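Raw contents of entry.cif, mmCIF, C-alpha atoms:
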data_my_file
#
loop_
_atom_site.label_atom_id
_atom_site.label_comp_id
_atom_site.auth_asym_id
_atom_site.auth_seq_id
_atom_site.Cartn_x
_atom_site.Cartn_y
_atom_site.Cartn_z
CA MET I 1 0.00 0.00 0.00
CA SER I 2 1.45 3.38 -0.99
CA VAL I 3 1.73 6.15 1.59
CA PRO I 4 -0.43 9.17 0.64
CA GLU I 5 1.60 12.29 -0.13
CA GLU I 6 1.39 15.21 2.24
CA PRO I 7 0.15 18.26 0.30
CA LEU I 8 2.42 21.28 0.25
CA GLU I 9 0.77 24.49 1.37
CA LEU I 10 1.93 28.08 1.66
CA ILE I 11 1.50 29.92 4.91
CA SER I 12 -1.46 32.27 4.99
CA LEU I 13 -0.42 35.62 3.51
CA PRO I 14 -2.57 38.74 3.11
CA VAL I 15 -2.88 39.81 -0.53
CA ALA I 16 -1.16 43.12 0.25
CA HIS I 17 1.90 41.25 1.50
CA VAL I 18 2.65 39.54 -1.81
CA ARG I 19 3.75 41.72 -4.72
CA ALA I 20 4.57 40.28 -8.12
CA TRP I 21 6.85 42.65 -10.03
CA GLY I 22 8.21 41.44 -13.35
CA GLU I 23 10.01 38.19 -12.70
CA SER I 24 10.26 38.79 -8.96
CA VAL I 25 7.80 38.14 -6.18
CA VAL I 26 8.25 40.08 -2.95
CA VAL I 27 6.72 38.56 0.16
CA PHE I 28 6.37 40.10 3.60
CA ASP I 29 6.05 37.63 6.47
CA GLN I 30 4.38 39.50 9.30
CA ARG I 31 5.09 36.72 11.81
CA CYS I 32 8.77 37.64 11.84
CA GLY I 33 8.87 40.93 9.93
CA GLU I 34 11.07 39.51 7.19
CA THR I 35 10.85 40.57 3.56
CA HIS I 36 11.73 37.93 0.97
CA VAL I 37 12.53 38.61 -2.66
CA LEU I 38 11.89 35.48 -4.73
CA GLN I 39 13.44 35.08 -8.16
CA PRO I 40 12.77 32.48 -10.86
CA PRO I 41 12.46 29.54 -10.66
CA LEU I 42 11.35 30.02 -7.05
CA THR I 43 8.59 32.35 -8.18
CA GLU I 44 7.05 29.57 -10.31
CA LEU I 45 6.84 27.27 -7.31
CA PHE I 46 5.46 30.01 -5.11
CA GLN I 47 2.83 31.08 -7.62
CA ALA I 48 1.78 27.46 -8.21
CA LEU I 49 1.25 26.97 -4.48
CA GLN I 50 -0.61 30.28 -4.26
CA GLU I 51 -3.38 28.57 -6.25
CA GLY I 52 -3.83 26.11 -3.38
CA PRO I 53 -2.22 23.13 -1.64
CA MET I 54 -0.56 20.65 -4.00
CA THR I 55 1.07 17.31 -3.55
CA PRO I 56 4.68 17.11 -4.74
CA THR I 57 3.50 15.00 -7.66
CA ALA I 58 0.90 17.58 -8.70
CA LEU I 59 3.46 20.35 -8.32
CA PHE I 60 5.91 18.43 -10.48
CA GLU I 61 3.26 17.97 -13.15
CA TYR I 62 2.43 21.68 -12.99
CA LEU I 63 6.07 22.56 -13.59
CA GLU I 64 6.50 19.90 -16.26
CA GLN I 65 3.78 21.57 -18.32
CA ARG I 66 5.63 24.89 -18.19
CA TYR I 67 9.27 23.93 -18.48
CA GLU I 68 11.05 21.89 -21.08
CA ALA I 69 13.62 20.18 -18.91
CA ALA I 70 14.82 16.67 -18.30
CA GLU I 71 12.78 14.96 -15.59
CA GLY I 72 15.75 14.62 -13.24
CA GLU I 73 16.75 18.27 -13.61
CA LEU I 74 13.22 19.45 -13.03
CA GLU I 75 12.87 17.28 -9.93
CA ASP I 76 16.19 18.62 -8.57
CA ALA I 77 15.14 22.22 -9.28
CA MET I 78 11.79 21.67 -7.58
CA GLN I 79 13.35 20.14 -4.50
CA ALA I 80 15.92 22.95 -4.29
CA GLY I 81 13.15 25.52 -4.59
CA LEU I 82 11.03 23.82 -1.94
CA SER I 83 14.02 23.77 0.38
CA GLN I 84 14.40 27.52 -0.04
CA LEU I 85 10.72 28.14 0.60
CA ARG I 86 11.00 26.00 3.73
CA GLU I 87 14.10 27.93 4.83
CA HIS I 88 12.06 31.11 4.49
CA HIS I 89 9.27 29.40 6.47
CA LEU I 90 6.83 30.15 3.66
CA ILE I 91 5.55 26.55 3.50
CA CYS I 92 3.40 25.17 6.30
CA ASP I 93 5.17 22.53 8.30
CA PRO I 94 3.00 19.36 8.26
CA ALA I 95 3.92 18.86 11.91
CA ASP I 96 2.07 22.10 12.72
CA SER I 97 -1.16 20.90 11.15
CA ARG I 98 -0.89 17.55 12.96
CA ASP I 99 -0.40 19.37 16.25
CA ALA I 100 -3.41 21.60 15.65
CA MET C 101 7.13 87.91 12.43
CA THR C 102 8.69 87.60 15.88
CA ALA C 103 10.74 90.53 17.12
CA PRO C 104 14.38 89.67 17.93
CA GLU C 105 13.89 90.62 21.57
CA ASP C 106 10.87 88.34 21.82
CA LEU C 107 12.79 85.47 20.25
CA ARG C 108 15.62 85.95 22.72
CA ALA C 109 13.25 86.20 25.68
CA GLY C 110 11.40 83.09 24.53
CA LEU C 111 14.53 81.04 24.01
CA ARG C 112 15.91 82.04 27.39
CA GLY C 113 12.59 81.60 29.15
CA ALA C 114 9.99 78.89 28.67
CA GLY C 115 11.23 78.18 25.15
CA VAL C 116 9.93 78.95 21.68
CA ALA C 117 7.67 76.62 19.72
CA LEU C 118 8.48 75.77 16.11
CA GLN C 119 6.14 74.11 13.64
CA VAL C 120 8.36 71.69 11.75
CA GLY C 121 6.09 69.83 9.38
CA PRO C 122 3.79 67.65 11.49
CA PHE C 123 5.83 68.22 14.66
CA VAL C 124 5.97 70.98 17.20
CA VAL C 125 9.40 71.50 18.70
CA ARG C 126 9.88 73.51 21.86
CA LEU C 127 13.39 74.87 22.04
CA ARG C 128 15.21 76.60 24.85
CA SER C 129 18.72 77.99 24.58
CA ARG C 130 20.87 80.78 25.89
CA LEU C 131 23.40 80.34 23.10
CA ASP C 132 23.68 83.37 20.82
CA ARG C 133 24.62 81.31 17.78
CA VAL C 134 21.50 79.17 18.17
CA GLU C 135 19.38 82.30 18.48
CA ARG C 136 20.91 83.75 15.31
CA ALA C 137 20.40 80.53 13.38
CA LEU C 138 16.82 80.27 14.54
CA ALA C 139 16.12 83.84 13.43
CA LEU C 140 17.61 83.08 10.03
CA PHE C 141 16.09 79.66 9.34
CA TYR C 142 12.97 79.21 11.44
CA ASP C 143 11.48 82.71 11.75
CA ARG C 144 8.49 81.69 9.59
CA GLN C 145 7.82 78.61 11.70
CA LEU C 146 7.64 80.19 15.14
CA LEU C 147 4.26 79.58 16.73
CA PRO C 148 2.50 82.22 18.80
CA PRO C 149 2.29 81.19 22.47
CA GLU C 150 -1.45 80.53 22.28
CA GLN C 151 -0.84 77.85 19.62
CA ALA C 152 2.02 76.21 21.42
CA ALA C 153 0.47 74.46 24.38
CA PHE C 154 1.66 71.05 23.20
CA ALA C 155 5.06 70.08 21.83
CA ASP C 156 6.29 66.75 20.46
CA PHE C 157 9.88 67.43 21.43
CA HIS C 158 11.22 69.56 24.29
CA ILE C 159 14.79 70.40 23.37
CA THR C 160 17.38 72.45 25.17
CA LEU C 161 20.75 73.46 23.78
CA ALA C 162 23.08 74.60 26.50
CA ARG C 163 26.71 75.25 27.13
CA ALA C 164 28.26 72.08 28.55
CA SER C 165 29.13 72.37 32.21
CA GLY C 166 32.52 71.51 33.68
CA LEU C 167 35.89 73.22 33.81
CA HIS C 168 36.86 72.35 30.26
CA TRP C 169 34.46 75.02 28.96
CA LEU C 170 37.19 77.52 29.81
CA TRP C 171 39.56 76.28 27.12
CA ARG C 172 37.24 74.22 24.94
CA PRO C 173 33.65 75.47 25.16
CA GLN C 174 31.08 72.91 24.18
CA ALA C 175 27.37 72.69 23.50
CA ARG C 176 25.12 69.93 24.76
CA PHE C 177 21.77 68.75 23.41
CA PHE C 178 19.00 67.79 25.83
CA LEU C 179 15.71 66.08 25.07
CA ASP C 180 13.26 66.16 27.96
CA GLY C 181 16.13 67.08 30.23
CA ARG C 182 18.30 64.13 29.21
CA SER C 183 21.37 64.35 27.02
CA PRO C 184 21.59 61.47 24.55
CA PHE C 185 24.82 62.57 22.87
CA ARG C 186 28.30 63.67 23.75
CA PRO C 187 28.75 67.44 23.65
CA LEU C 188 30.16 69.08 20.54
CA PRO C 189 32.28 72.22 20.17
CA LEU C 190 30.24 75.33 20.86
CA ALA C 191 30.79 76.44 17.26
CA HIS C 192 28.76 73.42 16.17
CA ALA C 193 25.76 74.20 18.37
CA TYR C 194 23.39 74.85 15.50
CA PRO C 195 24.33 71.72 13.49
CA LEU C 196 23.96 69.86 16.79
CA PHE C 197 20.37 71.11 17.00
CA GLU C 198 19.62 69.85 13.48
CA TRP C 199 21.30 66.48 14.05
CA GLY C 200 19.63 66.12 17.42
CA LEU C 201 16.25 66.90 15.90
CA ASN C 202 16.91 64.21 13.27
CA TRP C 203 17.49 61.79 16.11
CA CYS C 204 14.31 62.84 17.91
CA ILE C 205 12.22 62.29 14.79
CA ALA C 206 13.89 58.99 13.91
CA GLN C 207 13.31 57.69 17.43
CA HIS C 208 9.69 58.70 17.81
CA ALA C 209 7.78 59.33 14.59
CA HIS C 210 6.43 55.85 13.99
CA ASP C 211 3.18 57.05 12.42
CA PHE C 212 5.33 57.18 9.29
CA LEU C 213 7.69 54.96 7.41
CA MET C 214 10.79 57.10 7.72
CA ILE C 215 13.33 56.91 4.94
CA HIS C 216 16.68 58.65 4.74
CA ALA C 217 15.79 60.52 1.59
CA ALA C 218 15.20 63.95 0.13
CA VAL C 219 11.69 64.73 -1.07
CA LEU C 220 10.73 67.42 -3.55
CA GLU C 221 7.50 68.16 -5.33
CA ARG C 222 6.42 69.69 -8.57
CA ASN C 223 2.88 69.88 -9.94
CA GLY C 224 1.63 67.79 -7.04
CA ARG C 225 3.97 64.88 -7.75
CA ALA C 226 6.81 63.96 -5.46
CA LEU C 227 10.36 62.93 -6.21
CA VAL C 228 11.91 60.74 -3.49
CA MET C 229 15.70 60.51 -3.49
CA PRO C 230 17.26 58.15 -0.98
CA GLY C 231 21.00 58.46 -0.85
CA GLU C 232 24.01 57.16 0.99
CA PRO C 233 26.27 59.84 2.47
CA GLY C 234 28.36 61.20 -0.38
CA ALA C 235 25.75 60.40 -3.02
CA GLY C 236 25.24 64.13 -3.57
CA LYS C 237 21.67 64.13 -2.35
CA SER C 238 21.80 67.45 -0.51
CA THR C 239 23.51 69.25 -3.40
CA LEU C 240 20.83 68.05 -5.78
CA THR C 241 18.13 68.91 -3.26
CA ALA C 242 19.43 72.44 -2.86
CA ALA C 243 19.70 72.94 -6.63
CA LEU C 244 16.20 71.61 -7.25
CA THR C 245 14.79 73.67 -4.38
CA LEU C 246 16.31 76.78 -5.90
CA SER C 247 15.02 75.85 -9.37
CA GLY C 248 11.30 75.75 -8.70
CA TRP C 249 10.76 72.44 -6.96
CA ARG C 250 9.07 72.52 -3.56
CA LEU C 251 11.24 71.21 -0.74
CA LEU C 252 9.46 68.71 1.47
CA SER C 253 12.59 67.42 3.15
CA ASP C 254 16.34 67.16 2.78
CA GLU C 255 16.82 64.25 5.19
CA PHE C 256 13.56 62.46 5.93
CA ALA C 257 10.91 61.08 3.66
CA LEU C 258 7.90 60.79 5.95
CA LEU C 259 5.62 58.29 4.25
CA SER C 260 2.19 58.20 5.86
CA LEU C 261 1.19 54.71 6.94
CA THR C 262 -2.47 55.62 6.54
CA ASP C 263 -2.71 57.18 3.10
CA GLY C 264 0.70 56.66 1.45
CA GLN C 265 1.31 60.38 0.98
CA LEU C 266 4.59 62.11 1.65
CA VAL C 267 4.36 64.60 4.48
CA ALA C 268 6.51 67.73 4.35
CA LEU C 269 9.23 68.38 6.89
CA PRO C 270 10.76 71.59 5.57
CA ARG C 271 14.01 72.36 7.34
CA PRO C 272 17.25 73.95 6.22
CA VAL C 273 19.18 71.91 3.66
CA SER C 274 22.49 70.76 5.05
CA LEU C 275 25.24 71.54 2.55
CA LYS C 276 28.68 70.08 3.00
CA ASN C 277 32.16 71.03 1.88
CA ALA C 278 32.44 71.93 -1.85
CA ALA C 279 28.66 72.00 -2.26
CA ILE C 280 28.48 75.17 -0.14
CA ASP C 281 30.41 77.34 -2.60
CA LEU C 282 28.88 75.56 -5.58
CA ILE C 283 25.36 76.48 -4.50
CA ARG C 284 26.38 79.96 -3.34
CA GLU C 285 27.99 80.80 -6.69
CA ARG C 286 25.32 79.23 -8.80
CA TYR C 287 22.31 80.65 -6.99
CA PRO C 288 23.08 84.17 -5.73
CA GLN C 289 19.57 84.37 -4.27
CA ALA C 290 20.29 81.44 -1.93
CA VAL C 291 20.34 82.33 1.76
CA ILE C 292 23.07 80.24 3.31
CA GLY C 293 24.02 80.51 6.97
CA PRO C 294 27.48 80.60 8.45
CA ALA C 295 29.71 77.59 7.93
CA SER C 296 30.64 75.26 10.78
CA HIS C 297 34.10 73.85 10.17
CA ASP C 298 35.66 70.57 11.29
CA THR C 299 32.40 68.81 12.10
CA SER C 300 32.17 65.04 11.72
CA LYS C 301 30.84 65.75 8.21
CA GLY C 302 33.49 68.33 7.35
CA THR C 303 32.37 71.90 6.78
CA VAL C 304 28.62 72.29 7.04
CA ALA C 305 26.36 75.23 6.18
CA HIS C 306 22.61 75.36 5.89
CA LEU C 307 20.37 76.69 3.13
CA ARG C 308 17.19 78.50 4.17
CA PRO C 309 14.12 76.86 2.58
CA PRO C 310 12.24 79.12 0.16
CA ASP C 311 8.99 80.74 1.35
CA ALA C 312 6.87 78.50 -0.88
CA SER C 313 8.13 75.39 0.93
CA ILE C 314 7.18 76.82 4.29
CA GLN C 315 3.81 78.15 3.15
CA LYS C 316 2.84 74.71 1.82
CA MET C 317 4.26 72.86 4.80
CA HIS C 318 0.95 71.15 5.53
CA ASP C 319 0.34 69.99 1.94
CA PRO C 320 1.36 66.36 1.39
CA ALA C 321 2.36 65.01 -2.02
CA ARG C 322 1.83 61.77 -3.89
CA PRO C 323 4.96 59.78 -4.77
CA ALA C 324 5.72 59.73 -8.48
CA TRP C 325 9.45 59.09 -8.86
CA LEU C 326 11.86 57.12 -6.74
CA VAL C 327 15.37 58.03 -7.81
CA PHE C 328 18.58 56.66 -6.29
CA PRO C 329 21.33 59.19 -7.06
CA ARG C 330 25.02 58.43 -7.18
CA PHE C 331 27.60 61.13 -7.77
CA ALA C 332 30.29 59.91 -10.16
CA ALA C 333 32.91 62.53 -10.95
CA GLY C 334 33.69 62.39 -14.65
CA GLY C 335 30.80 60.02 -15.21
CA ARG C 336 27.96 60.20 -17.69
CA ASP C 337 24.75 61.79 -16.46
CA HIS C 338 21.93 59.39 -17.02
CA LEU C 339 18.77 57.92 -15.56
CA ALA C 340 18.18 54.20 -15.90
CA PRO C 341 15.18 52.09 -14.91
CA LEU C 342 15.62 50.10 -11.73
CA ASP C 343 14.00 46.75 -11.01
CA ARG C 344 11.18 47.24 -8.52
CA ALA C 345 12.29 44.45 -6.20
CA VAL C 346 15.78 45.94 -6.06
CA ALA C 347 14.29 49.39 -5.47
CA LEU C 348 12.25 48.02 -2.55
CA GLN C 349 15.32 46.42 -0.99
CA ARG C 350 17.23 49.70 -1.27
CA LEU C 351 14.31 51.70 0.06
CA VAL C 352 13.94 49.41 3.05
CA GLY C 353 17.69 49.60 3.61
CA SER C 354 17.40 53.39 3.81
CA SER C 355 14.54 53.31 6.31
CA PHE C 356 15.03 54.25 9.94
CA ASN C 357 12.06 52.28 11.27
CA TYR C 358 11.03 49.58 8.78
CA SER C 359 11.48 46.86 11.39
CA VAL C 360 9.49 48.87 13.92
CA VAL C 361 6.37 49.56 11.88
CA GLY C 362 6.05 46.02 10.53
CA ALA C 363 3.36 45.15 7.99
CA ALA C 364 2.14 48.73 7.60
CA GLY C 365 5.67 49.73 6.61
CA PHE C 366 5.92 47.01 3.98
CA GLU C 367 2.56 47.97 2.52
CA ALA C 368 3.47 51.67 2.41
CA ALA C 369 6.86 50.96 0.84
CA ALA C 370 5.43 48.53 -1.72
CA ASP C 371 2.64 50.96 -2.62
CA LEU C 372 5.21 53.72 -3.10
CA ILE C 373 7.18 51.46 -5.44
CA GLU C 374 4.06 50.64 -7.45
CA GLN C 375 3.07 54.31 -7.76
CA SER C 376 6.53 55.50 -8.76
CA ALA C 377 8.90 55.26 -11.66
CA CYS C 378 11.94 53.60 -10.07
CA LEU C 379 15.21 54.94 -11.44
CA GLU C 380 18.93 55.07 -10.83
CA LEU C 381 20.67 58.35 -11.44
CA GLU C 382 24.35 58.66 -12.12
CA TYR C 383 25.36 62.26 -12.09
CA ALA C 384 28.48 64.25 -12.67
CA ASP C 385 27.29 67.56 -14.06
CA LEU C 386 24.65 69.50 -12.15
CA ASP C 387 23.16 71.16 -15.23
CA ALA C 388 22.77 67.90 -17.08
CA THR C 389 21.24 66.21 -14.07
CA LEU C 390 18.81 69.04 -13.40
CA GLY C 391 17.75 68.70 -17.02
CA LEU C 392 17.13 64.98 -16.58
CA LEU C 393 15.09 65.48 -13.41
CA ASN C 394 13.11 68.38 -14.83
CA ASP C 395 12.30 66.24 -17.86
CA LEU C 396 10.59 63.77 -15.52
CA THR C 397 7.88 66.32 -14.81
CA ALA C 398 7.36 66.82 -18.52
CA GLY C 399 6.48 63.14 -18.86
CA GLY C 400 9.97 61.75 -19.32
CA ALA C 401 9.19 58.81 -16.99
#

Give the structure from the file, written as structure tokens.
Amino acid sequence: MSVPEEPLELISLPVAHVRAWGESVVVFDQRCGETHVLQPPLTELFQALQEGPMTPTALFEYLEQRYEAAEGELEDAMQAGLSQLREHHLICDPADSRDA
Amino acid sequence: MTAPEDLRAGLRGAGVALQVGPFVVRLRSRLDRVERALALFYDRQLLPPEQAAFADFHITLARASGLHWLWRPQARFFLDGRSPFRPLPLAHAYPLFEWGLNWCIAQHAHDFLMIHAAVLERNGRALVMPGEPGAGKSTLTAALTLSGWRLLSDEFALLSLTDGQLVALPRPVSLKNAAIDLIRERYPQAVIGPASHDTSKGTVAHLRPPDASIQKMHDPARPAWLVFPRFAAGGRDHLAPLDRAVALQRLVGSSFNYSVVGAAGFEAAADLIEQSACLELEYADLDATLGLLNDLTAGGA
């Protein structure tokens, strides 16, 4: 039996705290007062997750439709981007939702 | 107009009240050089006693006590009776007032996002110029002020957190070193006070704001241009578009209280970026640069 994937979800952000300017997305995190400037390809991941929670598989498929890249490269880029979003604490930690 | 004897009596008594943009400053001093500077720069901003019941800042400039005043007289700045800085030479008493007032505003005015920037206005649209020391911001500000732009501020952009407008804080423009003679020679009508030599910023002299800037002190302005100047001797005068995300990072880096005002500060800064043409200015020749900035108001950006 396969283990169901945990969906990835952005933290809740007021609309006024996310500004998309050209290729950049600027995000203000009012929990800590930090301002993050996201650049491609991180912006693609962020904007995909802004549409709603996605499993890693669904996110990969979303990116696959937009980028012409070898599967392995795309997977590596996605994982690197997700790591950065986690470092910025912009993705909900599944442990938080389990605790709730 | 306040008579000189009234100014002196006020300064030496309960203090005189000055309307400095949105703030009321109550100042007491027995120092002649402070009195002279006040008469030169702030005569139009003195409030009659009946309008001066409340003050945001209670400042005293006094001769520093102690024996050393005999051979090295010094001035000390007090806010609410406490002295936050070391004393400076008595000859620097007036710059000390201006620097101390900067500190008071930066420490307390959290109804605004405060940015270390000059602000000027023309036709209701504001030019915001943040600048590192040495970027030539004050020289440009003085030249623009004396060329028909309205001075809102030389040092502080006060960006309202409630409506995103820039609030005026008209005070004397602080000119340093070579800029003093440059402005004096170029604009004979400029009223420039006495120079203070050997300050931490070199030689400093202040330019009196034009009447129009004081008369419209309570009129805010909408941001239209965000320009980051950089003086480059021998360089090529030009304006170049600046990426908005980079502009925001620089703007935030020039703010005194971004981390204090939190989300409201981000929203105000981001709104300013979205309402403004964001540009980098490299300048070497004042005439060429004034031409570039004046062209902005004609629809150049």

Within 12 Å of chain I, which residues belong to chain C? Use all atoms listed in the file and report them as a count of residues only.
27

Identify all residues satisfying the PyMOL selection byres ((chain I and resi 85-93) around 10) in the given file; provide them as a ChimeraX atom specification. /I:7-13,27-29,31-32,34-36,38,42-43,45-46,49,53,79-84,94-98

I'd like the neighbourhood of Phe256 of chain C as a list in words, where a residue qualifies if any of its atoms comes within 7 Å (using all atoms listed in the file), though same-chain residues fewer than 6 positions away should be ignored. Met214, Ile215, His216, Ala217 and Ala218 of chain C

Just so the selection is clear, what residues does the PyMOL selection byres ((chain C and resi 184) around 12) cover here, as a short mmCIF file (atom, residue, chain, number, x, y, z; two decimals) with C-alpha atoms, keeping the file's coordinate frame?
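File result27.cif, as written:
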data_model
loop_
_atom_site.label_atom_id
_atom_site.label_comp_id
_atom_site.auth_asym_id
_atom_site.auth_seq_id
_atom_site.Cartn_x
_atom_site.Cartn_y
_atom_site.Cartn_z
CA ILE C 159 14.79 70.40 23.37
CA THR C 160 17.38 72.45 25.17
CA ARG C 176 25.12 69.93 24.76
CA PHE C 177 21.77 68.75 23.41
CA PHE C 178 19.00 67.79 25.83
CA LEU C 179 15.71 66.08 25.07
CA ASP C 180 13.26 66.16 27.96
CA GLY C 181 16.13 67.08 30.23
CA ARG C 182 18.30 64.13 29.21
CA SER C 183 21.37 64.35 27.02
CA PHE C 185 24.82 62.57 22.87
CA ARG C 186 28.30 63.67 23.75
CA PRO C 187 28.75 67.44 23.65
CA LEU C 196 23.96 69.86 16.79
CA TRP C 199 21.30 66.48 14.05
CA GLY C 200 19.63 66.12 17.42
CA LEU C 201 16.25 66.90 15.90
CA TRP C 203 17.49 61.79 16.11
CA CYS C 204 14.31 62.84 17.91
CA GLN C 207 13.31 57.69 17.43
#

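Atom to atom, atom CA of Leu326 of chain C and atom CA of Gly399 of chain C stand 14.6 Å apart.
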
Would you give the centre and edge lengths, in Å to one decimal, of a box along x, y and z around the listed atoms of segment 311-329 of chain C, with 3 Å added to each side, as JSON?
{"center_x": 10.8, "center_y": 68.7, "center_z": -1.7, "size_x": 27.0, "size_y": 30.1, "size_z": 20.4}

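Atom pair atom CA of Ile292 of chain C / atom CA of Tyr142 of chain C: separated by 13.0 Å.
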
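Our summary of the geometry notes that atom CA of Glu75 of chain I is positioned 16.9 Å from atom CA of Glu6 of chain I.
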
Can you list, as a short mmCIF file (atom, residue, chain, number, x, y, z; two decimals) with C-alpha atoms, in the coordinates of the input, the residues that the PyMOL selection byres ((chain C and resi 106) around 12) selects here?
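Final file, part.cif:
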data_model
loop_
_atom_site.label_atom_id
_atom_site.label_comp_id
_atom_site.auth_asym_id
_atom_site.auth_seq_id
_atom_site.Cartn_x
_atom_site.Cartn_y
_atom_site.Cartn_z
CA MET C 101 7.13 87.91 12.43
CA THR C 102 8.69 87.60 15.88
CA ALA C 103 10.74 90.53 17.12
CA PRO C 104 14.38 89.67 17.93
CA GLU C 105 13.89 90.62 21.57
CA LEU C 107 12.79 85.47 20.25
CA ARG C 108 15.62 85.95 22.72
CA ALA C 109 13.25 86.20 25.68
CA GLY C 110 11.40 83.09 24.53
CA LEU C 111 14.53 81.04 24.01
CA ARG C 112 15.91 82.04 27.39
CA GLY C 113 12.59 81.60 29.15
CA ALA C 114 9.99 78.89 28.67
CA GLY C 115 11.23 78.18 25.15
CA VAL C 116 9.93 78.95 21.68
CA GLU C 135 19.38 82.30 18.48
CA ALA C 139 16.12 83.84 13.43
CA ASP C 143 11.48 82.71 11.75
CA LEU C 146 7.64 80.19 15.14
CA PRO C 148 2.50 82.22 18.80
CA PRO C 149 2.29 81.19 22.47
#

Quiz prompt | Residues within 7 Å of Ala226 of chain C, only C-alpha atoms, excluding chain neighbours under 3 positions, as a PyMOL selection string | solution = chain C and resi 219-222+321-325

For Arg336 of chain C, the closest of C:Val267, C:Leu392, C:Leu188, C:Ala243 counting all atoms listed in the file is C:Leu392
